[in-house]
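File shown: entry.cif. Contents: mmCIF, N, CA and C atoms and all ligand atoms.
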```cif
data_protein
#
loop_
_atom_site.label_atom_id
_atom_site.label_comp_id
_atom_site.auth_asym_id
_atom_site.auth_seq_id
_atom_site.Cartn_x
_atom_site.Cartn_y
_atom_site.Cartn_z
N MET A 1 -15.20 11.00 -49.82
CA MET A 1 -16.10 11.46 -50.91
C MET A 1 -16.02 12.99 -51.04
N HIS A 2 -15.74 13.43 -52.21
CA HIS A 2 -15.64 14.82 -52.61
C HIS A 2 -16.89 15.64 -52.20
N GLU A 3 -18.07 15.08 -52.46
CA GLU A 3 -19.32 15.79 -52.19
C GLU A 3 -19.52 16.07 -50.70
N LEU A 4 -18.96 15.19 -49.85
CA LEU A 4 -19.09 15.36 -48.41
C LEU A 4 -18.40 16.65 -47.97
N SER A 5 -17.21 16.92 -48.49
CA SER A 5 -16.51 18.13 -48.06
C SER A 5 -17.17 19.37 -48.69
N LEU A 6 -17.73 19.22 -49.90
CA LEU A 6 -18.47 20.35 -50.49
C LEU A 6 -19.69 20.68 -49.64
N ALA A 7 -20.41 19.62 -49.21
CA ALA A 7 -21.60 19.82 -48.38
C ALA A 7 -21.22 20.49 -47.06
N GLU A 8 -20.12 20.05 -46.47
CA GLU A 8 -19.65 20.64 -45.21
C GLU A 8 -19.38 22.13 -45.39
N GLU A 9 -18.75 22.44 -46.51
CA GLU A 9 -18.40 23.83 -46.79
C GLU A 9 -19.66 24.69 -46.94
N ILE A 10 -20.67 24.13 -47.62
CA ILE A 10 -21.91 24.88 -47.83
C ILE A 10 -22.62 25.11 -46.49
N VAL A 11 -22.71 24.06 -45.67
CA VAL A 11 -23.38 24.19 -44.37
C VAL A 11 -22.64 25.20 -43.50
N ARG A 12 -21.31 25.15 -43.50
CA ARG A 12 -20.52 26.09 -42.71
C ARG A 12 -20.75 27.52 -43.16
N MET A 13 -20.83 27.71 -44.48
CA MET A 13 -21.05 29.04 -45.03
C MET A 13 -22.42 29.59 -44.61
N VAL A 14 -23.45 28.71 -44.71
CA VAL A 14 -24.80 29.16 -44.35
C VAL A 14 -24.88 29.46 -42.85
N GLU A 15 -24.23 28.63 -42.04
CA GLU A 15 -24.23 28.86 -40.59
C GLU A 15 -23.53 30.18 -40.26
N SER A 16 -22.49 30.52 -40.98
CA SER A 16 -21.83 31.78 -40.65
C SER A 16 -22.65 32.97 -41.14
N SER A 17 -23.40 32.82 -42.25
CA SER A 17 -24.28 33.96 -42.58
C SER A 17 -25.42 34.06 -41.59
N ALA A 18 -25.86 32.93 -41.03
CA ALA A 18 -26.92 32.97 -40.01
C ALA A 18 -26.43 33.75 -38.78
N ALA A 19 -25.19 33.50 -38.39
CA ALA A 19 -24.64 34.20 -37.22
C ALA A 19 -24.48 35.69 -37.53
N ARG A 20 -24.04 35.99 -38.75
CA ARG A 20 -23.78 37.37 -39.13
C ARG A 20 -25.08 38.16 -39.32
N ASP A 21 -26.05 37.52 -39.99
CA ASP A 21 -27.28 38.23 -40.33
C ASP A 21 -28.43 37.94 -39.37
N HIS A 22 -28.14 37.24 -38.30
CA HIS A 22 -29.11 36.99 -37.23
C HIS A 22 -30.38 36.31 -37.71
N PHE A 23 -30.24 35.21 -38.39
CA PHE A 23 -31.43 34.39 -38.63
C PHE A 23 -31.12 32.99 -38.09
N SER A 24 -32.19 32.25 -37.79
CA SER A 24 -31.92 30.93 -37.21
C SER A 24 -32.49 29.79 -38.05
N ARG A 25 -33.35 30.17 -39.02
CA ARG A 25 -33.89 29.10 -39.86
C ARG A 25 -33.91 29.52 -41.32
N VAL A 26 -33.68 28.52 -42.17
CA VAL A 26 -33.68 28.74 -43.62
C VAL A 26 -34.86 27.99 -44.21
N ALA A 27 -35.62 28.66 -45.09
CA ALA A 27 -36.75 28.00 -45.74
C ALA A 27 -36.28 27.26 -46.99
N THR A 28 -35.45 27.93 -47.79
CA THR A 28 -34.99 27.33 -49.03
C THR A 28 -33.52 27.67 -49.28
N LEU A 29 -32.78 26.64 -49.60
CA LEU A 29 -31.39 26.83 -50.02
C LEU A 29 -31.34 26.43 -51.48
N LYS A 30 -30.93 27.36 -52.32
CA LYS A 30 -30.87 27.07 -53.75
C LYS A 30 -29.41 27.06 -54.20
N LEU A 31 -29.02 25.95 -54.77
CA LEU A 31 -27.65 25.79 -55.23
C LEU A 31 -27.64 25.61 -56.74
N GLU A 32 -26.49 25.89 -57.30
CA GLU A 32 -26.27 25.65 -58.71
C GLU A 32 -25.03 24.78 -58.83
N ALA A 33 -25.21 23.61 -59.43
CA ALA A 33 -24.07 22.71 -59.65
C ALA A 33 -23.96 22.51 -61.15
N GLY A 34 -23.07 23.26 -61.76
CA GLY A 34 -22.91 23.21 -63.21
C GLY A 34 -22.54 21.81 -63.69
N ALA A 35 -22.97 21.49 -64.89
CA ALA A 35 -22.69 20.17 -65.46
C ALA A 35 -21.18 19.90 -65.55
N LEU A 36 -20.38 20.96 -65.58
CA LEU A 36 -18.93 20.78 -65.70
C LEU A 36 -18.21 20.91 -64.36
N ALA A 37 -18.99 21.05 -63.27
CA ALA A 37 -18.37 21.29 -61.97
C ALA A 37 -17.81 20.02 -61.35
N GLY A 38 -18.13 18.89 -61.92
CA GLY A 38 -17.61 17.63 -61.38
C GLY A 38 -18.28 17.23 -60.08
N VAL A 39 -19.54 17.65 -59.91
CA VAL A 39 -20.25 17.35 -58.67
C VAL A 39 -21.35 16.32 -58.96
N GLU A 40 -21.37 15.28 -58.15
CA GLU A 40 -22.43 14.28 -58.25
C GLU A 40 -23.60 14.82 -57.43
N VAL A 41 -24.65 15.31 -58.13
CA VAL A 41 -25.71 16.04 -57.44
C VAL A 41 -26.45 15.16 -56.42
N ALA A 42 -26.72 13.91 -56.75
CA ALA A 42 -27.42 13.02 -55.81
C ALA A 42 -26.58 12.82 -54.54
N ALA A 43 -25.27 12.68 -54.71
CA ALA A 43 -24.39 12.49 -53.56
C ALA A 43 -24.31 13.76 -52.72
N LEU A 44 -24.31 14.90 -53.39
CA LEU A 44 -24.27 16.18 -52.68
C LEU A 44 -25.54 16.36 -51.86
N ARG A 45 -26.69 16.06 -52.46
CA ARG A 45 -27.96 16.19 -51.76
C ARG A 45 -28.00 15.25 -50.54
N PHE A 46 -27.54 14.03 -50.75
CA PHE A 46 -27.51 13.04 -49.67
C PHE A 46 -26.63 13.53 -48.52
N ALA A 47 -25.46 14.07 -48.86
CA ALA A 47 -24.53 14.55 -47.83
C ALA A 47 -25.13 15.74 -47.09
N LEU A 48 -25.78 16.65 -47.83
CA LEU A 48 -26.39 17.82 -47.19
C LEU A 48 -27.50 17.39 -46.24
N GLU A 49 -28.35 16.46 -46.72
CA GLU A 49 -29.48 16.05 -45.89
C GLU A 49 -29.01 15.34 -44.63
N ALA A 50 -27.88 14.66 -44.71
CA ALA A 50 -27.34 13.98 -43.54
C ALA A 50 -26.76 14.97 -42.54
N MET A 51 -26.37 16.15 -43.03
CA MET A 51 -25.65 17.11 -42.20
C MET A 51 -26.52 18.18 -41.56
N VAL A 52 -27.72 18.44 -42.14
CA VAL A 52 -28.48 19.61 -41.69
C VAL A 52 -29.16 19.49 -40.32
N PRO A 53 -29.50 18.30 -39.83
CA PRO A 53 -30.17 18.28 -38.52
C PRO A 53 -29.33 19.02 -37.47
N GLY A 54 -30.00 19.90 -36.70
CA GLY A 54 -29.29 20.66 -35.68
C GLY A 54 -28.68 21.95 -36.19
N THR A 55 -28.77 22.20 -37.50
CA THR A 55 -28.26 23.47 -38.05
C THR A 55 -29.46 24.31 -38.48
N CYS A 56 -29.19 25.54 -38.94
CA CYS A 56 -30.28 26.41 -39.38
C CYS A 56 -30.92 25.89 -40.66
N LEU A 57 -30.31 24.90 -41.27
CA LEU A 57 -30.86 24.34 -42.51
C LEU A 57 -31.82 23.18 -42.26
N GLU A 58 -31.99 22.82 -41.01
CA GLU A 58 -32.90 21.72 -40.71
C GLU A 58 -34.30 22.08 -41.20
N GLY A 59 -34.91 21.21 -42.00
CA GLY A 59 -36.26 21.43 -42.52
C GLY A 59 -36.29 22.31 -43.77
N ALA A 60 -35.17 22.83 -44.20
CA ALA A 60 -35.15 23.69 -45.38
C ALA A 60 -35.30 22.85 -46.65
N ALA A 61 -35.93 23.46 -47.65
CA ALA A 61 -35.99 22.82 -48.96
C ALA A 61 -34.65 23.07 -49.65
N ILE A 62 -34.07 22.02 -50.17
CA ILE A 62 -32.80 22.18 -50.87
C ILE A 62 -33.04 21.98 -52.36
N VAL A 63 -32.81 23.04 -53.10
CA VAL A 63 -33.04 23.02 -54.54
C VAL A 63 -31.68 23.07 -55.23
N ILE A 64 -31.43 22.12 -56.10
CA ILE A 64 -30.14 22.11 -56.80
C ILE A 64 -30.38 22.18 -58.31
N ASP A 65 -30.02 23.31 -58.88
CA ASP A 65 -30.12 23.48 -60.34
C ASP A 65 -28.87 22.93 -60.99
N GLU A 66 -29.05 22.37 -62.16
CA GLU A 66 -27.89 21.84 -62.89
C GLU A 66 -27.80 22.48 -64.27
N PRO A 67 -27.26 23.70 -64.33
CA PRO A 67 -27.15 24.35 -65.63
C PRO A 67 -26.18 23.58 -66.53
N PRO A 68 -26.48 23.53 -67.83
CA PRO A 68 -25.59 22.82 -68.75
C PRO A 68 -24.27 23.55 -68.91
N GLY A 69 -23.28 22.83 -69.40
CA GLY A 69 -22.01 23.46 -69.70
C GLY A 69 -22.10 24.22 -71.01
N ARG A 70 -21.63 25.47 -70.99
CA ARG A 70 -21.61 26.27 -72.22
C ARG A 70 -20.16 26.64 -72.50
N ALA A 71 -19.81 26.57 -73.76
CA ALA A 71 -18.43 26.89 -74.12
C ALA A 71 -18.40 27.64 -75.45
N TRP A 72 -17.29 28.28 -75.66
CA TRP A 72 -17.09 29.06 -76.89
C TRP A 72 -16.12 28.31 -77.79
N CYS A 73 -16.53 28.08 -79.06
CA CYS A 73 -15.64 27.45 -80.01
C CYS A 73 -15.06 28.53 -80.92
N ASN A 74 -13.75 28.66 -80.89
CA ASN A 74 -13.08 29.66 -81.72
C ASN A 74 -13.23 29.37 -83.21
N ALA A 75 -13.16 28.07 -83.55
CA ALA A 75 -13.22 27.67 -84.95
C ALA A 75 -14.55 28.06 -85.59
N CYS A 76 -15.66 27.81 -84.87
CA CYS A 76 -16.98 28.16 -85.42
C CYS A 76 -17.41 29.57 -85.01
N ALA A 77 -16.70 30.15 -84.04
CA ALA A 77 -17.15 31.41 -83.45
C ALA A 77 -18.58 31.31 -82.98
N THR A 78 -18.87 30.24 -82.25
CA THR A 78 -20.23 29.98 -81.75
C THR A 78 -20.15 29.50 -80.31
N GLU A 79 -21.25 29.75 -79.59
CA GLU A 79 -21.38 29.21 -78.25
C GLU A 79 -22.06 27.85 -78.38
N VAL A 80 -21.48 26.84 -77.73
CA VAL A 80 -22.02 25.48 -77.85
C VAL A 80 -22.26 24.90 -76.45
N THR A 81 -23.06 23.83 -76.39
CA THR A 81 -23.34 23.14 -75.13
C THR A 81 -22.48 21.89 -75.07
N ILE A 82 -21.80 21.70 -73.95
CA ILE A 82 -20.98 20.51 -73.78
C ILE A 82 -21.35 19.82 -72.46
N THR A 83 -21.05 18.55 -72.35
CA THR A 83 -21.41 17.83 -71.13
C THR A 83 -20.21 17.52 -70.24
N THR A 84 -19.01 17.54 -70.80
CA THR A 84 -17.82 17.42 -69.96
C THR A 84 -16.78 18.41 -70.48
N ARG A 85 -15.80 18.71 -69.62
CA ARG A 85 -14.75 19.64 -70.00
C ARG A 85 -13.90 19.11 -71.16
N ALA A 86 -13.90 17.80 -71.32
CA ALA A 86 -13.05 17.19 -72.34
C ALA A 86 -13.74 17.14 -73.70
N ASP A 87 -15.02 17.55 -73.76
CA ASP A 87 -15.75 17.48 -75.03
C ASP A 87 -15.14 18.38 -76.09
N PRO A 88 -15.06 17.89 -77.33
CA PRO A 88 -14.73 18.79 -78.43
C PRO A 88 -15.99 19.54 -78.85
N CYS A 89 -15.84 20.48 -79.76
CA CYS A 89 -17.01 21.21 -80.25
C CYS A 89 -17.97 20.24 -80.93
N PRO A 90 -19.26 20.25 -80.55
CA PRO A 90 -20.22 19.33 -81.16
C PRO A 90 -20.45 19.62 -82.65
N ALA A 91 -20.13 20.82 -83.09
CA ALA A 91 -20.39 21.17 -84.48
C ALA A 91 -19.20 20.83 -85.40
N CYS A 92 -17.97 21.14 -84.95
CA CYS A 92 -16.82 21.00 -85.85
C CYS A 92 -15.73 20.10 -85.29
N ASP A 93 -15.96 19.51 -84.09
CA ASP A 93 -14.94 18.70 -83.44
C ASP A 93 -13.71 19.51 -83.03
N GLY A 94 -13.85 20.82 -83.03
CA GLY A 94 -12.74 21.70 -82.65
C GLY A 94 -12.40 21.55 -81.18
N TYR A 95 -11.16 21.83 -80.85
CA TYR A 95 -10.67 21.69 -79.49
C TYR A 95 -9.42 22.54 -79.32
N PRO A 96 -9.14 23.14 -78.19
CA PRO A 96 -10.00 23.16 -77.00
C PRO A 96 -11.06 24.25 -77.09
N LEU A 97 -12.03 24.14 -76.20
CA LEU A 97 -13.09 25.13 -76.13
C LEU A 97 -12.87 25.96 -74.87
N LYS A 98 -13.37 27.18 -74.92
CA LYS A 98 -13.27 28.02 -73.74
C LYS A 98 -14.58 27.91 -72.97
N VAL A 99 -14.51 27.38 -71.73
CA VAL A 99 -15.71 27.20 -70.92
C VAL A 99 -16.26 28.56 -70.48
N LEU A 100 -17.54 28.78 -70.73
CA LEU A 100 -18.17 30.06 -70.38
C LEU A 100 -19.01 29.95 -69.12
N GLN A 101 -19.61 28.79 -68.93
CA GLN A 101 -20.61 28.68 -67.87
C GLN A 101 -20.82 27.21 -67.54
N GLY A 102 -21.25 26.96 -66.29
CA GLY A 102 -21.60 25.59 -65.90
C GLY A 102 -20.45 24.85 -65.25
N ASP A 103 -19.41 25.57 -64.82
CA ASP A 103 -18.28 24.88 -64.20
C ASP A 103 -18.15 25.20 -62.71
N ALA A 104 -19.24 25.74 -62.11
CA ALA A 104 -19.14 26.13 -60.71
C ALA A 104 -20.22 25.49 -59.84
N LEU A 105 -19.88 25.32 -58.58
CA LEU A 105 -20.86 24.97 -57.57
C LEU A 105 -21.00 26.19 -56.68
N ARG A 106 -22.22 26.73 -56.60
CA ARG A 106 -22.36 27.91 -55.75
C ARG A 106 -23.76 28.02 -55.17
N VAL A 107 -23.87 28.80 -54.11
CA VAL A 107 -25.16 29.09 -53.51
C VAL A 107 -25.75 30.25 -54.29
N VAL A 108 -26.93 30.07 -54.89
CA VAL A 108 -27.51 31.16 -55.65
C VAL A 108 -28.58 31.90 -54.86
N ASP A 109 -29.21 31.22 -53.90
CA ASP A 109 -30.25 31.90 -53.13
C ASP A 109 -30.42 31.25 -51.77
N LEU A 110 -30.72 32.06 -50.81
CA LEU A 110 -30.94 31.59 -49.46
C LEU A 110 -32.17 32.32 -48.95
N VAL A 111 -33.28 31.58 -48.79
CA VAL A 111 -34.51 32.21 -48.30
C VAL A 111 -34.63 31.91 -46.81
N VAL A 112 -34.70 33.00 -46.05
CA VAL A 112 -34.66 32.89 -44.60
C VAL A 112 -36.08 32.91 -44.04
N VAL A 113 -36.33 32.16 -42.96
CA VAL A 113 -37.61 32.19 -42.29
C VAL A 113 -37.63 33.41 -41.37
N GLU A 114 -38.60 34.32 -41.61
CA GLU A 114 -38.71 35.51 -40.76
C GLU A 114 -39.36 35.11 -39.44
N GLU A 115 -38.81 35.60 -38.32
CA GLU A 115 -39.41 35.22 -37.03
C GLU A 115 -39.92 36.42 -36.28
ZN ZN A 201 -16.70 24.41 -83.48
#
```

When written as structure tokens, how does the structure in this file appear?
Ligand SMILES: [Zn+2]
Amino acid sequence: MHELSLAEEIVRMVESSAARDHFSRVATLKLEAGALAGVEVAALRFALEAMVPGTCLEGAAIVIDEPPGRAWCNACATEVTITTRADPCPACDGYPLKVLQGDALRVVDLVVVEE
């Protein structure tokens, strides 16, 4: 499962910032999984929750935002919202569109427990 390796990567990244920045517990991990990132958010959450016991993320709130896909249509010269990378422009059926936003999975915030 794709989400399992993404979750592993996220946990590894947070653990290495914990080692670097000397914290041992995280209160909130906030992620952004764009609608075009190809990530199944429920599966990602499930994989993360299965992995966090024994790490600095144990007990942390995991927040996953799902920003919509935004793209630029050259034909209309407008920014439009799309739900998959293969979508044509919703206004003019133009294709291809240039993806502007919503195609990434990333950590947007990490709130650390002060000790
Ligand atoms: Zn268009």

Check which residues of chain A sit at most 9 Å from ligand ZN 201 (chain A) using only C-alpha atoms and all ligand atoms, and return one row each with the closest pair of atoms and their distance in Å to one decimal, ordered by chain and rising number, as a tab-separated table.
```
residue	atom	partner	partner_atom	distance
A:Trp72	CA	A:ZN201	ZN	8.1
A:Cys73	CA	A:ZN201	ZN	4.7
A:Asn74	CA	A:ZN201	ZN	6.6
A:Ala75	CA	A:ZN201	ZN	5.0
A:Cys76	CA	A:ZN201	ZN	4.2
A:Ala77	CA	A:ZN201	ZN	7.0
A:Thr78	CA	A:ZN201	ZN	6.8
A:Glu79	CA	A:ZN201	ZN	8.5
A:Val80	CA	A:ZN201	ZN	7.8
A:Pro88	CA	A:ZN201	ZN	7.8
A:Cys89	CA	A:ZN201	ZN	4.6
A:Pro90	CA	A:ZN201	ZN	6.6
A:Ala91	CA	A:ZN201	ZN	5.0
A:Cys92	CA	A:ZN201	ZN	4.2
A:Asp93	CA	A:ZN201	ZN	6.0
A:Gly94	CA	A:ZN201	ZN	4.9
A:Tyr95	CA	A:ZN201	ZN	7.7
A:Leu97	CA	A:ZN201	ZN	8.2
```

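Nearest to Gln101 in chain A of all the residues A:Leu31, A:Gly69, A:Glu8, A:His22 is A:Gly69, based on all atoms listed in the file.
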
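Between CA of Thr84 in chain A and CA of Gly34 in chain A the separation is 10.2 Å.
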
Exercise for review: Would you return as a PyMOL selection string the members of chain A that DSSP assigns to strand (DSSP E) on this structure's backbone?
Suggested key: chain A and resi 26-33+61-65+69-73+78-82+98-101+105-112

Check your understanding: If we count all atoms listed in the file, what is near Ala61 in chain A at a cut-off of 7 Å, once residues fewer than 3 positions away on the same chain are taken out, given as a list in words?
Key -> Val26, Ala27, Thr28, Leu29, Lys30, Leu57 and Glu58 of chain A

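The interatomic distance for the pair atom N of Ser17 in chain A and atom N of Ala42 in chain A works out to 24.1 Å.
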
Study note, to complete from the structure: With distances taken over only N, CA and C atoms, the candidate from A:Ala18, A:Ala86, A:Leu110, A:Ser5 nearest Ala47 in chain A is A:Ser5
